[in-house]
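Student: Take a look at target_9.txt, compact mmCIF, C-alpha atoms:
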# COMPACT_ATOMS: atom_id res chain seq x y z
CA MET L 1 4.46 20.30 -125.92
CA LEU L 2 7.42 22.65 -125.67
CA GLU L 3 7.80 25.43 -128.19
CA ILE L 4 10.67 27.86 -128.20
CA VAL L 5 10.50 30.82 -130.55
CA THR L 6 12.64 33.89 -131.05
CA ALA L 7 11.86 36.97 -133.08
CA GLU L 8 13.82 35.38 -135.92
CA ARG L 9 12.69 31.80 -136.03
CA LEU L 10 11.10 28.77 -134.42
CA VAL L 11 13.93 27.09 -132.53
CA PHE L 12 12.25 24.07 -131.02
CA SER L 13 8.85 22.43 -131.14
CA GLU L 14 8.43 18.93 -129.79
CA ASP L 15 6.47 16.92 -127.27
CA VAL L 16 8.23 16.71 -123.94
CA ASP L 17 7.42 15.32 -120.49
CA VAL L 18 8.88 17.99 -118.25
CA VAL L 19 10.46 21.40 -118.72
CA VAL L 20 12.85 23.14 -116.33
CA ALA L 21 13.39 26.82 -117.00
CA PRO L 22 15.35 29.67 -115.42
CA GLY L 23 12.58 31.90 -114.09
CA ILE L 24 13.45 35.32 -112.78
CA GLU L 25 12.55 34.21 -109.27
CA GLY L 26 14.40 30.93 -109.47
CA GLU L 27 14.33 27.79 -111.53
CA LEU L 28 10.92 26.29 -112.14
CA ALA L 29 9.79 22.96 -113.46
CA VAL L 30 6.63 22.54 -115.49
CA LEU L 31 4.80 19.25 -115.58
CA PRO L 32 1.62 18.39 -117.47
CA HIS L 33 -1.61 20.01 -116.19
CA HIS L 34 0.20 23.06 -114.91
CA ALA L 35 -1.95 26.13 -114.28
CA PRO L 36 -1.67 29.00 -116.80
CA LEU L 37 1.49 30.89 -115.97
CA LEU L 38 3.43 33.77 -117.42
CA THR L 39 6.88 34.55 -116.15
CA VAL L 40 9.98 36.47 -117.10
CA LEU L 41 13.07 34.39 -117.79
CA LYS L 42 16.65 35.28 -117.02
CA PRO L 43 19.59 34.05 -119.10
CA GLY L 44 20.05 30.38 -118.44
CA GLU L 45 19.45 26.86 -119.47
CA ILE L 46 16.16 25.27 -120.42
CA ARG L 47 16.20 21.54 -119.77
CA PHE L 48 13.56 19.07 -120.82
CA ARG L 49 12.97 15.36 -120.61
CA GLN L 50 11.51 13.46 -123.50
CA GLU L 51 10.75 9.77 -123.06
CA GLY L 52 13.71 9.24 -120.76
CA ARG L 53 16.11 11.29 -122.85
CA GLU L 54 17.22 14.70 -121.71
CA GLY L 55 17.98 17.73 -123.76
CA ASN L 56 18.81 21.34 -123.17
CA LEU L 57 18.98 24.75 -124.79
CA ALA L 58 20.49 28.09 -123.90
CA VAL L 59 18.26 31.16 -123.73
CA THR L 60 19.31 34.73 -123.04
CA GLY L 61 16.17 35.81 -121.29
CA GLY L 62 12.63 36.18 -122.48
CA PHE L 63 9.22 34.95 -121.33
CA LEU L 64 7.69 31.61 -120.54
CA GLU L 65 4.02 30.95 -120.93
CA VAL L 66 2.18 27.87 -119.76
CA MET L 67 -1.16 27.49 -121.42
CA GLY L 68 -3.08 24.26 -121.38
CA GLU L 69 -0.76 21.48 -122.42
CA LYS L 70 1.68 23.81 -124.09
CA VAL L 71 4.76 25.58 -122.81
CA MET L 72 5.75 28.47 -125.00
CA VAL L 73 9.07 30.22 -124.56
CA LEU L 74 9.43 33.62 -126.20
CA ALA L 75 13.19 33.94 -126.05
CA ASP L 76 15.31 36.97 -126.84
CA ALA L 77 17.75 34.48 -128.32
CA ALA L 78 17.90 30.72 -128.06
CA GLU L 79 20.31 28.08 -129.23
CA ARG L 80 20.17 24.33 -129.15
CA ALA L 81 23.13 22.62 -127.55
CA GLU L 82 24.42 21.28 -130.85
CA GLU L 83 24.35 24.73 -132.45
CA ILE L 84 26.68 26.23 -129.91
CA ASN L 85 30.29 26.61 -130.83
CA GLU L 86 32.01 25.70 -127.58
CA GLU L 87 35.30 27.35 -128.43
CA ARG L 88 33.60 30.61 -129.28
CA ALA L 89 31.61 30.49 -126.06
CA GLN L 90 34.79 29.88 -124.10
CA GLU L 91 36.48 32.81 -125.82
CA ALA L 92 33.54 35.03 -124.98
CA VAL L 93 33.73 34.07 -121.31
CA ALA L 94 37.46 34.76 -121.24
CA LYS L 95 37.03 38.10 -122.98
CA ALA L 96 34.27 39.24 -120.67
CA GLN L 97 36.24 38.17 -117.60
CA GLU L 98 39.28 40.02 -118.82
CA ARG L 99 37.30 43.15 -119.48
CA LEU L 100 35.86 42.85 -116.01
CA ALA L 101 39.27 42.36 -114.38
CA ASN L 102 40.96 45.43 -115.82
CA ARG L 103 38.09 47.68 -116.67
CA GLY L 104 38.50 51.34 -117.37
CA ASP L 105 35.99 54.08 -116.68
CA ASP L 106 34.41 53.75 -120.09
CA VAL L 107 33.25 50.17 -119.59
CA ASP L 108 29.57 49.66 -119.06
CA LEU L 109 29.64 47.28 -116.11
CA GLU L 110 26.06 46.17 -116.58
CA ARG L 111 26.64 45.16 -120.16
CA VAL L 112 29.86 43.29 -119.47
CA LEU L 113 28.20 41.34 -116.68
CA GLN L 114 25.29 40.49 -118.95
CA SER L 115 27.49 39.25 -121.77
CA LEU L 116 29.54 37.24 -119.29
CA GLN L 117 26.40 35.62 -117.98
CA ARG L 118 25.19 34.81 -121.48
CA ALA L 119 28.51 33.30 -122.48
CA GLN L 120 28.64 31.17 -119.34
CA VAL L 121 25.18 29.83 -120.00
CA ARG L 122 26.07 28.84 -123.53
CA LEU L 123 29.23 27.16 -122.36
CA LYS L 124 27.35 25.22 -119.73
CA VAL L 125 24.77 24.03 -122.22
CA ALA L 126 27.40 23.09 -124.77
CA ARG L 127 29.34 21.05 -122.22
CA ARG L 128 26.33 19.22 -121.01
CA LYS L 129 25.39 17.91 -124.44
CA GLY L 130 28.08 15.20 -124.41
CA ARG L 131 26.67 13.66 -121.26
CA GLY L 132 23.08 13.91 -122.42
CA GLU L 133 23.83 11.53 -125.25
CA GLY L 134 25.42 9.02 -122.93
CA ALA L 135 29.01 9.74 -123.86
CA PRO L 136 31.22 10.34 -120.83
CA SER L 137 32.52 13.86 -120.58
CA ARG L 138 36.25 13.84 -120.92
CA ARG L 139 36.65 17.36 -119.70
CA PRO L 140 37.06 17.74 -115.94
CA GLU L 141 34.70 20.39 -114.62
CA MET H 1 20.18 57.47 -190.95
CA PRO H 2 22.57 55.49 -188.74
CA SER H 3 24.94 53.19 -190.52
CA LEU H 4 24.79 49.43 -190.27
CA ARG H 5 27.76 49.35 -187.95
CA GLN H 6 26.18 51.87 -185.61
CA ILE H 7 23.01 49.82 -185.37
CA ARG H 8 24.97 46.65 -184.70
CA ARG H 9 26.85 48.37 -181.90
CA ARG H 10 23.61 49.60 -180.40
CA ILE H 11 22.12 46.09 -180.48
CA ARG H 12 25.14 44.72 -178.69
CA SER H 13 24.91 47.40 -176.02
CA VAL H 14 21.21 46.71 -175.41
CA GLN H 15 21.99 43.01 -175.27
CA ASN H 16 24.58 43.57 -172.54
CA THR H 17 22.15 45.67 -170.55
CA ALA H 18 19.59 42.87 -170.85
CA LYS H 19 22.13 40.39 -169.48
CA VAL H 20 22.75 42.59 -166.45
CA THR H 21 19.06 43.16 -165.72
CA LYS H 22 18.32 39.46 -166.16
CA ALA H 23 21.01 38.59 -163.63
CA MET H 24 19.70 41.19 -161.21
CA GLU H 25 16.20 39.81 -161.60
CA MET H 26 17.32 36.33 -160.67
CA VAL H 27 19.35 37.54 -157.70
CA ALA H 28 16.38 39.57 -156.48
CA ALA H 29 14.07 36.58 -156.91
CA SER H 30 16.18 34.37 -154.69
CA LYS H 31 16.63 37.13 -152.13
CA MET H 32 12.91 37.73 -152.15
CA ARG H 33 12.25 34.10 -151.35
CA ARG H 34 14.63 34.29 -148.42
CA ALA H 35 13.13 37.57 -147.23
CA GLN H 36 9.64 36.09 -147.40
CA GLN H 37 10.76 33.11 -145.35
CA ALA H 38 12.21 35.46 -142.76
CA VAL H 39 8.86 37.23 -142.48
CA LEU H 40 7.10 33.90 -142.04
CA ALA H 41 9.63 32.63 -139.51
CA ALA H 42 9.11 35.73 -137.38
CA ARG H 43 5.37 35.25 -137.27
CA PRO H 44 4.88 32.77 -134.37
CA TYR H 45 6.83 34.99 -131.98
CA ALA H 46 5.02 38.11 -133.14
CA GLU H 47 1.56 36.62 -132.82
CA ARG H 48 2.18 35.16 -129.38
CA LEU H 49 3.70 38.35 -128.07
CA GLU H 50 0.73 40.30 -129.36
CA THR H 51 -1.74 38.00 -127.60
CA LEU H 52 0.15 38.11 -124.34
CA LEU H 53 0.35 41.86 -124.49
CA THR H 54 -3.36 42.20 -125.16
CA ASN H 55 -4.09 39.95 -122.22
CA LEU H 56 -1.83 41.88 -119.88
CA ALA H 57 -2.80 45.33 -121.03
CA ALA H 58 -6.47 44.54 -120.42
CA GLN H 59 -5.64 44.14 -116.74
CA GLU H 60 -3.39 47.14 -116.41
CA ARG H 61 -5.55 49.68 -118.13
CA SER H 62 -5.39 52.19 -115.34
CA GLU H 63 -3.92 55.54 -114.44
CA ASN H 64 -0.54 54.12 -113.58
CA ALA H 65 -0.02 52.02 -116.68
CA PRO H 66 3.61 51.74 -117.80
CA PRO H 67 4.79 54.81 -119.76
CA LEU H 68 4.93 53.00 -123.09
CA LEU H 69 1.18 52.33 -122.83
CA GLN H 70 0.13 55.74 -121.59
CA SER H 71 -0.98 58.29 -124.12
CA ARG H 72 -0.42 61.93 -123.34
CA PRO H 73 -1.25 65.21 -125.06
CA VAL H 74 0.65 65.30 -128.33
CA GLU H 75 3.07 68.13 -128.99
CA ARG H 76 5.79 66.47 -131.04
CA ILE H 77 5.71 63.34 -133.12
CA GLN H 78 8.40 61.07 -134.46
CA VAL H 79 8.33 59.07 -137.66
CA ILE H 80 10.48 56.02 -138.26
CA HIS H 81 10.87 56.02 -142.01
CA ILE H 82 11.99 52.65 -143.35
CA THR H 83 13.18 52.48 -146.97
CA PRO H 84 15.57 50.44 -149.10
CA ASP H 85 19.26 51.31 -149.29
CA ARG H 86 19.48 50.73 -153.00
CA GLY H 87 17.57 51.90 -156.02
CA LEU H 88 16.69 50.07 -159.23
CA CYS H 89 13.53 48.79 -157.62
CA GLY H 90 10.85 50.67 -159.49
CA GLY H 91 8.58 53.10 -157.72
CA LEU H 92 9.02 51.60 -154.25
CA PRO H 93 11.24 54.27 -152.67
CA SER H 94 9.29 57.15 -154.14
CA ASN H 95 5.98 55.64 -153.05
CA ILE H 96 6.99 55.32 -149.41
CA ASN H 97 8.79 58.67 -149.48
CA ARG H 98 5.70 60.34 -150.83
CA ALA H 99 3.45 58.67 -148.27
CA THR H 100 5.62 59.68 -145.33
CA GLY H 101 6.18 63.18 -146.70
CA GLN H 102 2.46 63.69 -147.06
CA PHE H 103 1.81 62.32 -143.59
CA ILE H 104 4.28 64.75 -142.04
CA LEU H 105 2.85 67.69 -143.98
CA GLU H 106 -0.69 66.87 -142.98
CA ASN H 107 0.09 66.24 -139.33
CA GLU H 108 -0.37 69.36 -137.28
CA HIS H 109 2.52 68.59 -134.92
CA PRO H 110 6.20 69.09 -135.66
CA ALA H 111 7.89 65.83 -136.53
CA SER H 112 11.37 64.52 -136.00
CA ILE H 113 12.41 61.75 -138.32
CA VAL H 114 14.49 58.65 -137.93
CA THR H 115 15.38 57.14 -141.28
CA VAL H 116 16.35 53.58 -141.98
CA GLY H 117 17.87 53.10 -145.42
CA LYS H 118 19.65 55.48 -147.76
CA LYS H 119 16.69 56.26 -150.02
CA GLY H 120 14.64 57.66 -147.16
CA ARG H 121 17.56 59.53 -145.67
CA ASP H 122 18.40 61.22 -148.95
CA PHE H 123 14.79 62.17 -149.49
CA MET H 124 14.36 63.66 -146.04
CA VAL H 125 17.64 65.55 -146.24
CA ARG H 126 16.65 66.92 -149.63
CA ALA H 127 13.28 67.99 -148.22
CA SER H 128 15.29 69.61 -145.38
CA ARG H 129 13.35 67.81 -142.70
CA ASP H 130 14.51 67.41 -139.16
CA VAL H 131 16.37 64.09 -139.33
CA LEU H 132 17.20 62.97 -135.81
CA ALA H 133 19.09 59.84 -136.76
CA SER H 134 19.65 57.68 -139.78
CA PHE H 135 20.52 54.03 -140.00
CA ILE H 136 21.89 52.58 -143.21
CA GLU H 137 23.08 49.27 -144.58
CA ILE H 138 21.10 46.95 -142.39
CA GLY H 139 21.57 44.33 -145.09
CA ASP H 140 19.50 41.69 -146.80
CA ARG H 141 19.28 39.40 -143.79
CA PRO H 142 18.60 41.62 -140.82
CA LYS H 143 18.91 40.14 -137.36
CA VAL H 144 17.19 41.38 -134.27
CA GLU H 145 20.49 42.74 -132.96
CA ASP H 146 20.74 44.93 -136.04
CA ILE H 147 17.60 46.83 -135.21
CA LEU H 148 18.07 47.10 -131.44
CA PRO H 149 19.79 50.50 -131.70
CA ILE H 150 16.73 51.78 -133.56
CA SER H 151 14.20 50.58 -131.02
CA HIS H 152 16.37 51.77 -128.11
CA LEU H 153 16.50 55.21 -129.62
CA ILE H 154 12.74 55.31 -130.07
CA ILE H 155 11.94 54.09 -126.58
CA GLN H 156 14.44 56.51 -125.10
CA SER H 157 13.14 59.57 -126.86
CA TYR H 158 9.60 58.58 -125.94
CA THR H 159 10.22 57.95 -122.26
CA GLU H 160 12.29 61.12 -121.97
CA GLY H 161 9.34 63.03 -123.32
CA ALA H 162 11.14 64.38 -126.39
CA VAL H 163 8.27 63.06 -128.50
CA ASP H 164 4.71 62.12 -127.57
CA GLN H 165 3.75 59.84 -130.41
CA VAL H 166 5.81 57.61 -132.66
CA PHE H 167 4.83 56.30 -136.08
CA LEU H 168 6.33 53.58 -138.17
CA ALA H 169 6.36 54.01 -141.96
CA TYR H 170 7.37 51.13 -144.22
CA SER H 171 6.39 49.22 -147.34
CA ARG H 172 4.17 46.29 -146.62
CA PHE H 173 4.75 43.20 -148.69
CA VAL H 174 1.37 42.17 -150.09
CA ASN H 175 2.58 39.92 -152.87
CA ALA H 176 5.39 39.82 -155.39
CA THR H 177 3.81 42.50 -157.57
CA LEU H 178 2.19 44.68 -154.92
CA GLN H 179 3.79 46.60 -152.09
CA GLN H 180 1.89 49.08 -150.04
CA PRO H 181 3.22 52.03 -148.07
CA VAL H 182 1.93 51.75 -144.50
CA ILE H 183 2.06 54.22 -141.63
CA ARG H 184 1.06 52.90 -138.24
CA GLN H 185 1.31 54.12 -134.69
CA LEU H 186 4.08 52.52 -132.68
CA LEU H 187 4.02 54.44 -129.41
CA PRO H 188 2.12 54.69 -127.19
CA VAL H 189 1.39 51.02 -127.72
CA GLN H 190 -2.22 50.42 -128.63
CA PRO H 191 -3.22 46.94 -127.59
CA ALA H 192 -6.24 45.43 -129.29
CA GLU H 193 -9.47 45.05 -127.37
CA LEU H 194 -9.95 41.58 -126.03
CA ALA H 195 -13.18 39.68 -125.87
CA PRO H 196 -13.85 38.52 -122.29
CA HIS H 197 -13.87 34.84 -123.15
CA GLU H 198 -10.39 35.13 -124.62
CA GLN H 199 -8.92 36.36 -121.37
CA VAL H 200 -6.72 33.93 -119.53
CA GLY H 201 -6.17 34.11 -115.81
CA TYR H 202 -2.44 33.63 -115.75
CA ILE H 203 -0.32 33.31 -112.66
CA TYR H 204 2.24 36.05 -113.09
CA GLU H 205 5.77 35.75 -111.83
CA PRO H 206 6.89 38.00 -110.26
CA SER H 207 3.82 40.19 -111.00
CA SER H 208 1.74 41.21 -113.96
CA ARG H 209 3.20 44.68 -113.80
CA VAL H 210 6.80 43.45 -114.02
CA VAL H 211 5.96 41.07 -116.84
CA LEU H 212 4.19 43.83 -118.75
CA GLU H 213 7.09 46.21 -118.30
CA ALA H 214 9.48 43.59 -119.61
CA LEU H 215 7.15 42.74 -122.47
CA LEU H 216 6.58 46.24 -123.85
CA PRO H 217 10.11 46.95 -125.09
CA ARG H 218 10.20 43.50 -126.70
CA TYR H 219 6.95 44.32 -128.44
CA VAL H 220 8.32 47.58 -129.83
CA GLU H 221 11.47 45.78 -130.97
CA MET H 222 9.40 43.12 -132.62
CA LEU H 223 7.28 45.66 -134.53
CA VAL H 224 10.34 47.50 -135.79
CA TYR H 225 12.04 44.24 -136.73
CA HIS H 226 8.94 43.12 -138.53
CA ALA H 227 8.73 46.39 -140.46
CA VAL H 228 12.37 46.03 -141.53
CA LEU H 229 11.71 42.48 -142.72
CA GLU H 230 8.62 43.56 -144.66
CA ASN H 231 10.52 46.43 -146.21
CA ASN H 232 13.26 44.04 -147.26
CA ALA H 233 10.83 41.60 -148.85
CA SER H 234 9.11 44.51 -150.63
CA GLU H 235 12.40 45.84 -151.91
CA GLN H 236 13.49 42.52 -153.37
CA SER H 237 10.17 41.82 -155.02
CA ALA H 238 9.92 45.34 -156.43
CA ARG H 239 13.42 44.99 -157.81
CA MET H 240 12.59 41.64 -159.31
CA VAL H 241 9.58 43.05 -161.14
CA ALA H 242 11.42 46.19 -162.25
CA MET H 243 14.29 44.15 -163.62
CA ARG H 244 11.96 41.78 -165.41
CA ASN H 245 10.31 44.73 -167.12
CA ALA H 246 13.70 46.13 -168.03
CA THR H 247 14.77 42.80 -169.54
CA ASP H 248 11.53 42.58 -171.49
CA SER H 249 11.84 46.05 -172.93
CA ALA H 250 15.47 45.41 -173.80
CA LYS H 251 14.32 42.36 -175.77
CA ASP H 252 11.66 44.46 -177.55
CA MET H 253 14.26 47.06 -178.36
CA MET H 254 16.61 44.43 -179.75
CA ASP H 255 13.86 43.05 -181.99
CA GLU H 256 13.07 46.50 -183.28
CA LEU H 257 16.69 47.32 -183.91
CA THR H 258 17.27 44.01 -185.68
CA LEU H 259 14.32 44.67 -187.96
CA HIS H 260 15.61 48.13 -188.63
CA MET H 261 19.09 46.79 -189.32
CA ASN H 262 17.76 44.29 -191.84
CA LYS H 263 15.83 47.01 -193.60
CA VAL H 264 18.89 49.17 -193.84
CA ARG H 265 20.93 46.28 -195.15
CA GLN H 266 18.36 45.42 -197.74
CA GLU H 267 18.18 48.99 -198.84
CA MET H 268 21.91 49.06 -199.25
CA ILE H 269 21.86 45.93 -201.41
CA THR H 270 19.04 47.33 -203.50
CA ASN H 271 20.94 50.53 -204.00
CA GLU H 272 24.05 48.66 -205.02
CA LEU H 273 22.03 46.58 -207.51
CA LEU H 274 20.46 49.70 -208.91
CA ASP H 275 23.89 51.20 -209.35
CA LEU H 276 25.08 48.06 -211.14
CA VAL H 277 22.07 47.85 -213.38
CA GLY H 278 22.25 51.58 -214.09
CA GLY H 279 25.96 51.29 -214.90
CA ALA H 280 25.40 48.33 -217.20
CA ALA H 281 22.57 50.14 -219.00
CA ALA H 282 24.77 53.19 -219.47
CA LEU H 283 27.54 51.07 -220.96
CA GLU H 284 25.17 49.37 -223.43
CA GLN H 285 24.02 52.67 -224.85
Go ahead and express the file in the form of structure tokens.

Tutor:
Amino acid sequence: MLEIVTAERLVFSEDVDVVVAPGIEGELAVLPHHAPLLTVLKPGEIRFRQEGREGNLAVTGGFLEVMGEKVMVLADAAERAEEINEERAQEAVAKAQERLANRGDDVDLERVLQSLQRAQVRLKVARRKGRGEGAPSRRPE
Amino acid sequence: MPSLRQIRRRIRSVQNTAKVTKAMEMVAASKMRRAQQAVLAARPYAERLETLLTNLAAQERSENAPPLLQSRPVERIQVIHITPDRGLCGGLPSNINRATGQFILENEHPASIVTVGKKGRDFMVRASRDVLASFIEIGDRPKVEDILPISHLIIQSYTEGAVDQVFLAYSRFVNATLQQPVIRQLLPVQPAELAPHEQVGYIYEPSSRVVLEALLPRYVEMLVYHAVLENNASEQSARMVAMRNATDSAKDMMDELTLHMNKVRQEMITNELLDLVGGAAALEQ
């Protein structure tokens, strides 16, 4: 059982076979009968497999808890692949990169880097969705 | 006595007011439903976070607990005063204003105030209180991002030592007809006591300390967000009830005025008849 919640809503709640999440110390996979675990997540992609099918979501950090047969993700923000507007994500990446390239003294480097990372994650998740459904990706990577 | 025309004009004016209040009631009702759903949707996250925090805090209850957990001697307090932006919602703003005002007066320590919403800001400014910051126009559908500046400000002033205790004051949504002013301590965080059998031996990555330190700000954010949502649901339901009452009394007023108008009209007709009959009688003589 994988459940992903944010402060605003329940994003995802379904039975899955395996979960791969971006832990702060590296990516980790959770299979059934995992020991209780609590870890901090960094912005990244949560992938899961469900009866042979694969799916993914973007999270911008949060916590992951394994408890019994349930994986609970308390995300700061989370979006399912189909909710992500790819164009907007691309724009955000471009904007953040531009701000990074010619940054003045007033730019908060930490924040720009964070928003760049978030945008890249969303873009990655959005691009992967085409392949997950079996359709070949037309976009060269 | 007002003339027939005056009464008719008055009835029309009351009727228009009733139309406006009726519309406002329906708008508030639909907004209330949405606000209630938002409160419910936020619940799973809130409950889980609370449990995790309780679990973690039970392990880290030591001298070197993270600052947000550590209580220290109180010299200055801070109150986060959450109110609606708009009026026309019955006694809600004055209830929460009164509760917070009383709390500040009764507390022996000087208080700095952070207001959320225009009604609270205006009240505190009028009472010439020390308003540190005010946030307005958060909107009917607040997002977590909207309240982040508030929680950042609170955490900052607490960790810097500008204040030693932070309280959260808002209207709790009990049901559509009842909203309760609530004042609860926000910082230092007070985790609930945990029964031993409820404790879970988690593996922490990277360490329980790091997880706890990451969790605490989220917890504060969540509490503030929750209070804003509750306040919003309270505001909409209070407005709905206030507007329903206004519509009802407008209807009563219209009935009364119509009755009055009919009486006046009848009187006029009677008078005219009397005149006619009197005139005819005079002619016959």

Student: Can you tell me which residues surround Ile84 of chain L at a distance of at most 9 Å, considering all atoms listed in the file, apart from same-chain residues fewer than 6 positions away, and format the answer as a short mmCIF file (atom, residue, chain, number, x, y, z; two decimals) with C-alpha atoms, in the coordinates of the input?

Tutor:
data_model
loop_
_atom_site.label_atom_id
_atom_site.label_comp_id
_atom_site.auth_asym_id
_atom_site.auth_seq_id
_atom_site.Cartn_x
_atom_site.Cartn_y
_atom_site.Cartn_z
CA ALA L 58 20.49 28.09 -123.90
CA ARG L 122 26.07 28.84 -123.53
CA LEU L 123 29.23 27.16 -122.36
CA VAL L 125 24.77 24.03 -122.22
CA ALA L 126 27.40 23.09 -124.77
#

Student: Which residues, written as a ChimeraX atom specification, have at least one atom at most 9 Å from segment 212-221 of chain H, with only C-alpha atoms counted and residues fewer than 3 positions away on the same chain left out?

Tutor: /L:40,62-63,76 /H:46,49-50,52-53,56-57,60,66,68-69,144,147-148,150-152,154-155,186-187,189,207-209,224-226

Student: Deliver the residues from the most recent selection as a file, using C-alpha atoms, as a PDB file, keeping the file's coordinate frame.

Tutor:
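Dumped to selection.pdb:
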ATOM      1  CA  VAL L  40       9.980  36.470-117.100  1.00  0.00           C
ATOM      2  CA  GLY L  62      12.630  36.180-122.480  1.00  0.00           C
ATOM      3  CA  PHE L  63       9.220  34.950-121.330  1.00  0.00           C
ATOM      4  CA  ASP L  76      15.310  36.970-126.840  1.00  0.00           C
TER       5      ASP L  76
ATOM      6  CA  ALA H  46       5.020  38.110-133.140  1.00  0.00           C
ATOM      7  CA  LEU H  49       3.700  38.350-128.070  1.00  0.00           C
ATOM      8  CA  GLU H  50       0.730  40.300-129.360  1.00  0.00           C
ATOM      9  CA  LEU H  52       0.150  38.110-124.340  1.00  0.00           C
ATOM     10  CA  LEU H  53       0.350  41.860-124.490  1.00  0.00           C
ATOM     11  CA  LEU H  56      -1.830  41.880-119.880  1.00  0.00           C
ATOM     12  CA  ALA H  57      -2.800  45.330-121.030  1.00  0.00           C
ATOM     13  CA  GLU H  60      -3.390  47.140-116.410  1.00  0.00           C
ATOM     14  CA  PRO H  66       3.610  51.740-117.800  1.00  0.00           C
ATOM     15  CA  LEU H  68       4.930  53.000-123.090  1.00  0.00           C
ATOM     16  CA  LEU H  69       1.180  52.330-122.830  1.00  0.00           C
ATOM     17  CA  VAL H 144      17.190  41.380-134.270  1.00  0.00           C
ATOM     18  CA  ILE H 147      17.600  46.830-135.210  1.00  0.00           C
ATOM     19  CA  LEU H 148      18.070  47.100-131.440  1.00  0.00           C
ATOM     20  CA  ILE H 150      16.730  51.780-133.560  1.00  0.00           C
ATOM     21  CA  SER H 151      14.200  50.580-131.020  1.00  0.00           C
ATOM     22  CA  HIS H 152      16.370  51.770-128.110  1.00  0.00           C
ATOM     23  CA  ILE H 154      12.740  55.310-130.070  1.00  0.00           C
ATOM     24  CA  ILE H 155      11.940  54.090-126.580  1.00  0.00           C
ATOM     25  CA  LEU H 186       4.080  52.520-132.680  1.00  0.00           C
ATOM     26  CA  LEU H 187       4.020  54.440-129.410  1.00  0.00           C
ATOM     27  CA  VAL H 189       1.390  51.020-127.720  1.00  0.00           C
ATOM     28  CA  SER H 207       3.820  40.190-111.000  1.00  0.00           C
ATOM     29  CA  SER H 208       1.740  41.210-113.960  1.00  0.00           C
ATOM     30  CA  ARG H 209       3.200  44.680-113.800  1.00  0.00           C
ATOM     31  CA  VAL H 224      10.340  47.500-135.790  1.00  0.00           C
ATOM     32  CA  TYR H 225      12.040  44.240-136.730  1.00  0.00           C
ATOM     33  CA  HIS H 226       8.940  43.120-138.530  1.00  0.00           C
TER      34      HIS H 226
END

Student: Determine which residues of chain L sit within 12 Å of chain H, taking into account all atoms listed in the file, and present them as a PyMOL selection string.

Tutor: chain L and resi 3-13+22-28+34-42+61-68+71-77

Student: Go ahead and save the picked residues with C-alpha atoms, as a compact mmCIF listing (two decimals), keeping the file's coordinate frame.

Tutor:
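Output contents, as saved in selection31.txt:
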# COMPACT_ATOMS: atom_id res chain seq x y z
CA GLU L 3 7.80 25.43 -128.19
CA ILE L 4 10.67 27.86 -128.20
CA VAL L 5 10.50 30.82 -130.55
CA THR L 6 12.64 33.89 -131.05
CA ALA L 7 11.86 36.97 -133.08
CA GLU L 8 13.82 35.38 -135.92
CA ARG L 9 12.69 31.80 -136.03
CA LEU L 10 11.10 28.77 -134.42
CA VAL L 11 13.93 27.09 -132.53
CA PHE L 12 12.25 24.07 -131.02
CA SER L 13 8.85 22.43 -131.14
CA PRO L 22 15.35 29.67 -115.42
CA GLY L 23 12.58 31.90 -114.09
CA ILE L 24 13.45 35.32 -112.78
CA GLU L 25 12.55 34.21 -109.27
CA GLY L 26 14.40 30.93 -109.47
CA GLU L 27 14.33 27.79 -111.53
CA LEU L 28 10.92 26.29 -112.14
CA HIS L 34 0.20 23.06 -114.91
CA ALA L 35 -1.95 26.13 -114.28
CA PRO L 36 -1.67 29.00 -116.80
CA LEU L 37 1.49 30.89 -115.97
CA LEU L 38 3.43 33.77 -117.42
CA THR L 39 6.88 34.55 -116.15
CA VAL L 40 9.98 36.47 -117.10
CA LEU L 41 13.07 34.39 -117.79
CA LYS L 42 16.65 35.28 -117.02
CA GLY L 61 16.17 35.81 -121.29
CA GLY L 62 12.63 36.18 -122.48
CA PHE L 63 9.22 34.95 -121.33
CA LEU L 64 7.69 31.61 -120.54
CA GLU L 65 4.02 30.95 -120.93
CA VAL L 66 2.18 27.87 -119.76
CA MET L 67 -1.16 27.49 -121.42
CA GLY L 68 -3.08 24.26 -121.38
CA VAL L 71 4.76 25.58 -122.81
CA MET L 72 5.75 28.47 -125.00
CA VAL L 73 9.07 30.22 -124.56
CA LEU L 74 9.43 33.62 -126.20
CA ALA L 75 13.19 33.94 -126.05
CA ASP L 76 15.31 36.97 -126.84
CA ALA L 77 17.75 34.48 -128.32

Student: Find the residues near Arg9 of chain H: any atom within 12 Å, counting all atoms listed in the file, skip ones fewer than 6 places away on the same chain, and give them as an MDAnalysis selection string.

Tutor: chainID H and resid 2:3 15:16 254 257:258 261

Student: Determine the nearest neighbour of Met253 of chain H from the options H:Arg12, H:Arg98, H:Arg129, H:Arg5, counting only C-alpha atoms.

Tutor: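 Among the listed residues, H:Arg12 lies closest to Met253 of chain H.
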
Student: Of the candidates L:Ala96, L:Phe48, L:Ala101, L:Ala21, which shows the shortest atom-to-atom distance to Leu113 of chain L, using only C-alpha atoms?

Tutor: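 When distances to Leu113 of chain L are compared using only C-alpha atoms, the smallest one comes from L:Ala96.
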
Student: Hey, which of L:Leu57, L:Gln117, L:Val30, L:Glu45 ends up closest to Glu79 of chain L? Count only C-alpha atoms.

Tutor: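 Between L:Leu57, L:Gln117, L:Val30, L:Glu45, the residue approaching Glu79 of chain L most closely is L:Leu57.
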
Student: Hey, could you pull the box centre and edge lengths for segment 42-53 of chain L, axis-aligned, 8 Å padding per side, all listed atoms, to one decimal in Å, as JSON?

Tutor:
{"center_x": 15.4, "center_y": 22.3, "center_z": -120.3, "size_x": 25.3, "size_y": 42.0, "size_z": 22.5}
